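Structure, as structure tokens:
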Amino acid sequence: MPIKLATWNINSVRLRMPLVEHFATRFQPDVICLQETKCRDGEFPSADFKRLGYPHVAINGQKGYHGVCIASRMPFDAIDKQEFCEKGDARHIAVTFAAGVAGRDPITVHNFYVPAGGDEPDRETNDKFAHKLDFLDEMAHWLGDGRAGGHAIVVGDLNVAPLENDVWNHKYMLKIVSHTPIETEKLKGVMETGPWVDAMRRFVPEQERLFTWWSYRSPDWATADKGRRLDHVWASEQLANSIRGIEVVKEARGWERPSDHVPVLVDIDH
DNA sequence: ATGGCTTACAAAGTAAGA
């Protein structure tokens, strides 16, 4: 049974609910994973999701910043939230679709929002960068601890562009947070502990540029094209063989009052 | 050749994103 899953850093779910509606209507995903929802659980627009055909919503939110959710047409068998770095931040939520729901094996979806890391790529002088590196270390332990067995998928805004063609200028970006060697090595380390398969790069070769984020600061974002691939889809080895395709919905960056990230769609023939 | 923008908030300036 095919499952269409989307991941999108929405940069305020309440503000951009009209865009979520447009996206859902046009692309018809079965599961929508959002990051940076920026609201408490009680403020989450669950009724709107229900109206759009997503009656099942797993939320991990907080006031003003961060926050993740998974909205779904199918019911969940389990919901889990993991805290990292003892910060009390809402940066992870996972759901499991039960065996038999799709007539298949259970599938677990992890939705992450990794810390951005601030400006200075130095853990001694920048606490935010230290937090990001520590988060990636904890993530490696936790995601490597048997969680890549069976059918599992990791999506989200991981705030690291690991490959040369995940940024608009590799050499320049080596000094910029999101593409520094320590970050890209740690992110690759997280993948190896699974092992987790970079599903997006199964469909777009490493020689080709692939971006999911463009800064708000360039009015001519499309022509300048100074993007980064900060949003990711990783699959367990078992599930990787069931992924039929990936689509980066670049047009969403040009929508009215857009997020600076665009949605990534995953087609799974589960 | 990177911040020139955008968001939330017990708001009118600050913190955060990346």
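As shown in the structure tokens, the chain order sets the letters A, B, ...; within each chain, residues go from 1, and ligands are also counted from 1 in the order they appear.
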
For chain B against chain A, with a cut-off of 10 Å and counting only C-alpha atoms (C1' of nucleotides), what is the closest atom pair and its distance in Å to one decimal for every residue that makes the cut, ordered by chain and number, as a Markdown table?
```
| residue | atom | partner | partner_atom | distance |
| --- | --- | --- | --- | --- |
| B:DA1 | C1' | A:Tyr172 | CA | 7.7 |
| B:DT2 | C1' | A:Arg217 | CA | 8.9 |
| B:DG3 | C1' | A:Arg217 | CA | 6.3 |
| B:DG4 | C1' | A:Arg217 | CA | 5.9 |
| B:DC5 | C1' | A:Arg217 | CA | 4.7 |
| B:DT6 | C1' | A:Tyr216 | CA | 7.0 |
| B:DT7 | C1' | A:Asn11 | CA | 7.3 |
| B:DA8 | C1' | A:Gly64 | CA | 5.2 |
| B:DC9 | C1' | A:Gly64 | CA | 7.6 |
| B:DA16 | C1' | A:Tyr65 | CA | 8.2 |
| B:DG17 | C1' | A:Ala116 | CA | 7.2 |
| B:DA18 | C1' | A:Ala116 | CA | 6.2 |
```

| request: Using DSSP on the backbone, list every residue of range 23-249 of chain A that comes out as strand (DSSP E or B), and give them as a ChimeraX atom specification. | output: /A:31-35,56-60,68-72,78-80,92-97,107-113,151-157,167,196-198,213,228,231-236,243-248

Save out the residues we just selected, C-alpha atoms, as a short mmCIF file (atom, residue, chain, number, x, y, z; two decimals), in the first residue's frame.
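Just written: out.cif:
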```cif
data_model
loop_
_atom_site.label_atom_id
_atom_site.label_comp_id
_atom_site.auth_asym_id
_atom_site.auth_seq_id
_atom_site.Cartn_x
_atom_site.Cartn_y
_atom_site.Cartn_z
CA VAL A 31 1.34 12.00 6.65
CA ILE A 32 2.63 15.55 7.29
CA CYS A 33 5.65 16.12 9.55
CA LEU A 34 6.22 19.76 10.50
CA GLN A 35 9.01 21.55 12.36
CA HIS A 56 -4.75 12.03 13.91
CA VAL A 57 -2.24 14.54 15.23
CA ALA A 58 0.81 13.95 17.43
CA ILE A 59 2.16 17.22 18.81
CA ASN A 60 5.24 18.23 20.75
CA VAL A 68 7.22 19.50 15.93
CA CYS A 69 4.12 17.57 14.90
CA ILE A 70 2.97 14.63 12.81
CA ALA A 71 -0.50 14.83 11.25
CA SER A 72 -1.93 11.74 9.61
CA ALA A 78 2.07 4.71 19.50
CA ILE A 79 3.44 8.21 20.05
CA ASP A 80 6.87 8.93 21.53
CA HIS A 92 11.43 15.33 18.41
CA ILE A 93 8.26 13.33 18.01
CA ALA A 94 7.75 9.83 16.68
CA VAL A 95 4.72 7.77 15.73
CA THR A 96 4.31 4.11 14.91
CA PHE A 97 1.69 2.89 12.47
CA ILE A 107 6.48 1.56 10.46
CA THR A 108 7.96 4.19 12.78
CA VAL A 109 8.38 7.82 11.72
CA HIS A 110 10.80 10.08 13.62
CA ASN A 111 10.45 13.83 13.14
CA PHE A 112 13.42 15.98 14.26
CA TYR A 113 14.27 19.64 14.59
CA HIS A 151 10.76 -0.27 8.92
CA ALA A 152 11.75 3.16 10.20
CA ILE A 153 12.19 6.60 8.73
CA VAL A 154 13.82 9.77 10.07
CA VAL A 155 12.75 13.12 8.64
CA GLY A 156 13.10 16.73 9.58
CA ASP A 157 15.09 19.91 9.64
CA VAL A 167 25.21 24.07 -0.50
CA TRP A 196 20.39 5.14 7.93
CA VAL A 197 20.13 5.60 4.18
CA ASP A 198 20.05 9.12 2.70
CA TRP A 213 16.10 26.12 2.15
CA ARG A 228 21.19 24.66 1.33
CA ASP A 231 15.91 19.03 5.46
CA HIS A 232 16.42 15.30 5.20
CA VAL A 233 14.80 11.92 4.74
CA TRP A 234 16.62 8.90 6.08
CA ALA A 235 15.33 5.33 5.90
CA SER A 236 16.29 2.12 7.62
CA ILE A 243 10.92 4.14 -1.28
CA ARG A 244 9.75 4.85 -4.82
CA GLY A 245 10.56 8.52 -5.10
CA ILE A 246 11.34 11.87 -3.51
CA GLU A 247 10.10 15.30 -4.50
CA VAL A 248 11.40 18.65 -3.29
#
```

| query | Got a sec to tell me which of range 3-165 of chain A DSSP assigns to alpha helix (DSSP H), as a PyMOL selection string? | reply | chain A and resi 17-27+46-51+127-144

Save the residues we just selected, N, CA and C atoms, as a compact mmCIF listing (two decimals), in the first residue's frame?
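Written file, out-v2.txt:
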```
# COMPACT_ATOMS: atom_id res chain seq x y z
N MET A 17 -1.13 28.20 8.18
CA MET A 17 -2.15 27.17 7.96
C MET A 17 -2.75 27.25 6.53
N PRO A 18 -2.95 28.44 5.97
CA PRO A 18 -3.43 28.49 4.58
C PRO A 18 -2.48 27.82 3.59
N LEU A 19 -1.18 27.93 3.85
CA LEU A 19 -0.21 27.27 2.96
C LEU A 19 -0.23 25.76 3.16
N VAL A 20 -0.42 25.33 4.41
CA VAL A 20 -0.53 23.88 4.67
C VAL A 20 -1.75 23.33 3.92
N GLU A 21 -2.83 24.09 3.95
CA GLU A 21 -4.04 23.66 3.25
C GLU A 21 -3.80 23.55 1.74
N HIS A 22 -3.17 24.56 1.20
CA HIS A 22 -2.85 24.56 -0.24
C HIS A 22 -1.98 23.36 -0.59
N PHE A 23 -0.97 23.15 0.22
CA PHE A 23 -0.04 22.03 -0.02
C PHE A 23 -0.75 20.68 0.08
N ALA A 24 -1.57 20.52 1.12
CA ALA A 24 -2.25 19.24 1.33
C ALA A 24 -3.24 18.96 0.20
N THR A 25 -3.93 19.99 -0.23
CA THR A 25 -4.92 19.83 -1.31
C THR A 25 -4.23 19.45 -2.61
N ARG A 26 -3.13 20.11 -2.87
CA ARG A 26 -2.43 19.92 -4.14
C ARG A 26 -1.65 18.61 -4.20
N PHE A 27 -0.98 18.23 -3.09
CA PHE A 27 -0.08 17.07 -3.15
C PHE A 27 -0.61 15.84 -2.42
N SER A 46 -5.47 21.87 15.58
CA SER A 46 -5.88 20.48 15.32
C SER A 46 -7.17 20.40 14.50
N ALA A 47 -8.10 21.33 14.78
CA ALA A 47 -9.38 21.30 14.08
C ALA A 47 -9.20 21.53 12.58
N ASP A 48 -8.26 22.41 12.24
CA ASP A 48 -7.97 22.66 10.82
C ASP A 48 -7.42 21.41 10.14
N PHE A 49 -6.52 20.72 10.84
CA PHE A 49 -5.97 19.49 10.27
C PHE A 49 -7.06 18.44 10.10
N LYS A 50 -7.96 18.37 11.06
CA LYS A 50 -9.06 17.41 10.98
C LYS A 50 -9.93 17.70 9.76
N ARG A 51 -10.23 18.97 9.57
CA ARG A 51 -11.05 19.40 8.43
C ARG A 51 -10.36 19.05 7.10
N ASP A 127 27.50 28.95 22.84
CA ASP A 127 26.75 27.89 23.52
C ASP A 127 25.77 27.18 22.57
N LYS A 128 25.25 27.94 21.61
CA LYS A 128 24.30 27.33 20.68
C LYS A 128 24.98 26.30 19.78
N PHE A 129 26.20 26.61 19.40
CA PHE A 129 26.95 25.65 18.57
C PHE A 129 27.30 24.41 19.39
N ALA A 130 27.69 24.63 20.65
CA ALA A 130 27.97 23.50 21.54
C ALA A 130 26.74 22.62 21.69
N HIS A 131 25.58 23.26 21.86
CA HIS A 131 24.32 22.53 21.99
C HIS A 131 24.05 21.68 20.75
N LYS A 132 24.28 22.27 19.58
CA LYS A 132 24.06 21.54 18.33
C LYS A 132 24.94 20.31 18.24
N LEU A 133 26.22 20.47 18.57
CA LEU A 133 27.15 19.33 18.49
C LEU A 133 26.77 18.25 19.50
N ASP A 134 26.40 18.68 20.71
CA ASP A 134 25.98 17.71 21.73
C ASP A 134 24.70 16.99 21.31
N PHE A 135 23.81 17.74 20.70
CA PHE A 135 22.55 17.16 20.22
C PHE A 135 22.84 16.06 19.20
N LEU A 136 23.75 16.34 18.27
CA LEU A 136 24.08 15.36 17.23
C LEU A 136 24.73 14.11 17.84
N ASP A 137 25.53 14.32 18.89
CA ASP A 137 26.14 13.17 19.59
C ASP A 137 25.07 12.30 20.25
N GLU A 138 24.13 12.96 20.93
CA GLU A 138 23.05 12.21 21.59
C GLU A 138 22.16 11.51 20.58
N MET A 139 21.94 12.21 19.48
CA MET A 139 21.10 11.66 18.40
C MET A 139 21.74 10.38 17.85
N ALA A 140 23.06 10.40 17.72
CA ALA A 140 23.77 9.22 17.21
C ALA A 140 23.57 8.03 18.14
N HIS A 141 23.70 8.27 19.44
CA HIS A 141 23.50 7.20 20.41
C HIS A 141 22.09 6.64 20.32
N TRP A 142 21.14 7.58 20.35
CA TRP A 142 19.73 7.20 20.48
C TRP A 142 19.22 6.54 19.21
N LEU A 143 19.55 7.13 18.04
CA LEU A 143 19.06 6.56 16.77
C LEU A 143 19.84 5.31 16.37
N GLY A 144 21.01 5.15 16.98
CA GLY A 144 21.80 3.96 16.67
C GLY A 144 21.45 2.78 17.55
```

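Taking CA of Arg40 in chain A as the reference point, CA of Gln82 in chain A is found at 16.8 Å.
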